[in-house]
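Heads up, the thing below is written out as structure tokens.
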Amino acid sequence: MTAAGKWLDAAKAWAKRLKREIVALWLAARDSRVPLGAKLAAGATAAYALSPVDLIPDFIPVLGYLDDLLIVPLGILLSVRLVPPALMAEFRAKAAGMKKPLSKTGLAFILVIWLVCLILLGKWLWAAF
């Protein structure tokens with residue numbers, strides 16, 4: 001196997017692990033045994049990662065993929081550390097056989113952020129002219 005083939009296989013395995021972690025965090029955010037702080041972090045991370053809309057759209061060069069390559073993995077890392085290890089293992093086992101859900105909450109959150117930014121831009125433009 002070539003070096004490029006090995007790299008591609010490693011990238012696919014990493015993406016598969018990230019998907020499982022996101023679904024596991026989605027499960028953690030809905031479980032009553034998870035502490036509130038961990039639940040909030042897991043919920044926010046899962047909602048953002050599962051949202052069909054990105055905070056920074058992918059068509060924006062470099063920055064568009066920066067959120068996918070930094071924000072999501074860092075959110076996963078933080079959230080996984082907050083969820084008790086025994087529960088996280090249970091959620092990972094459940095997540096292994098699940099399809100990736102779609103987050104309407106994440107979509108709504110991102111749309112609200114964009115709406116607030118547009119309103120602030122409009123106010124700034126109104127005041128400038």
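Scheme for the structure tokens: letters A, B, ... for chains in order shown; per-chain residue numbers from 1; ligand numbers from 1 in order shown.
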
Quick one: residues within 10 Å of Ile110 of chain A, only C-alpha atoms, excluding same-chain residues fewer than 2 positions away - as a ChimeraX atom specification?
/A:47-48,51-56,104-108,112-116

I need the alpha helix (DSSP H) residues of segment 30-109 of chain A per DSSP on the backbone, written as number ranges by chain.
A: 36-50, 63-66, 72-82, 85-95, 104-109

Of the residues A:Trp14, A:Trp26, A:Phe59, A:Phe129, which is the one nearest to Ser79 of chain A, using only C-alpha atoms?
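For Ser79 of chain A, the nearest of the candidates is A:Trp26.
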
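Nearest-residue note for Ala24 of chain A: choosing from A:Ala4, A:Ala128, A:Ala46, A:Ala10, the minimum distance belongs to A:Ala46, counting only C-alpha atoms.
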
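Residues with any atom within 8 Å of segment 72-74 of chain A, counting only C-alpha atoms and excluding same-chain neighbours fewer than 2 positions away, are Leu18, Thr45, Tyr48, Ala49, Asp67, Asp68, Leu69, Leu70, Ile76, Leu77 and Leu78 of chain A.
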
With only C-alpha atoms as the basis for distance, which of A:Gly75, A:Gly97, A:Gly122, A:Pro61 is at the shortest distance from Leu25 of chain A?
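So, comparing all the options, the nearest one is A:Gly75.
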
Point-to-point distance from atom CA of Glu21 of chain A to atom CA of Val34 of chain A, Å rounded to tenths:
15.5 Å

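In this structure, atom CA of Leu27 of chain A sits 12.0 Å away from atom CA of Leu40 of chain A.
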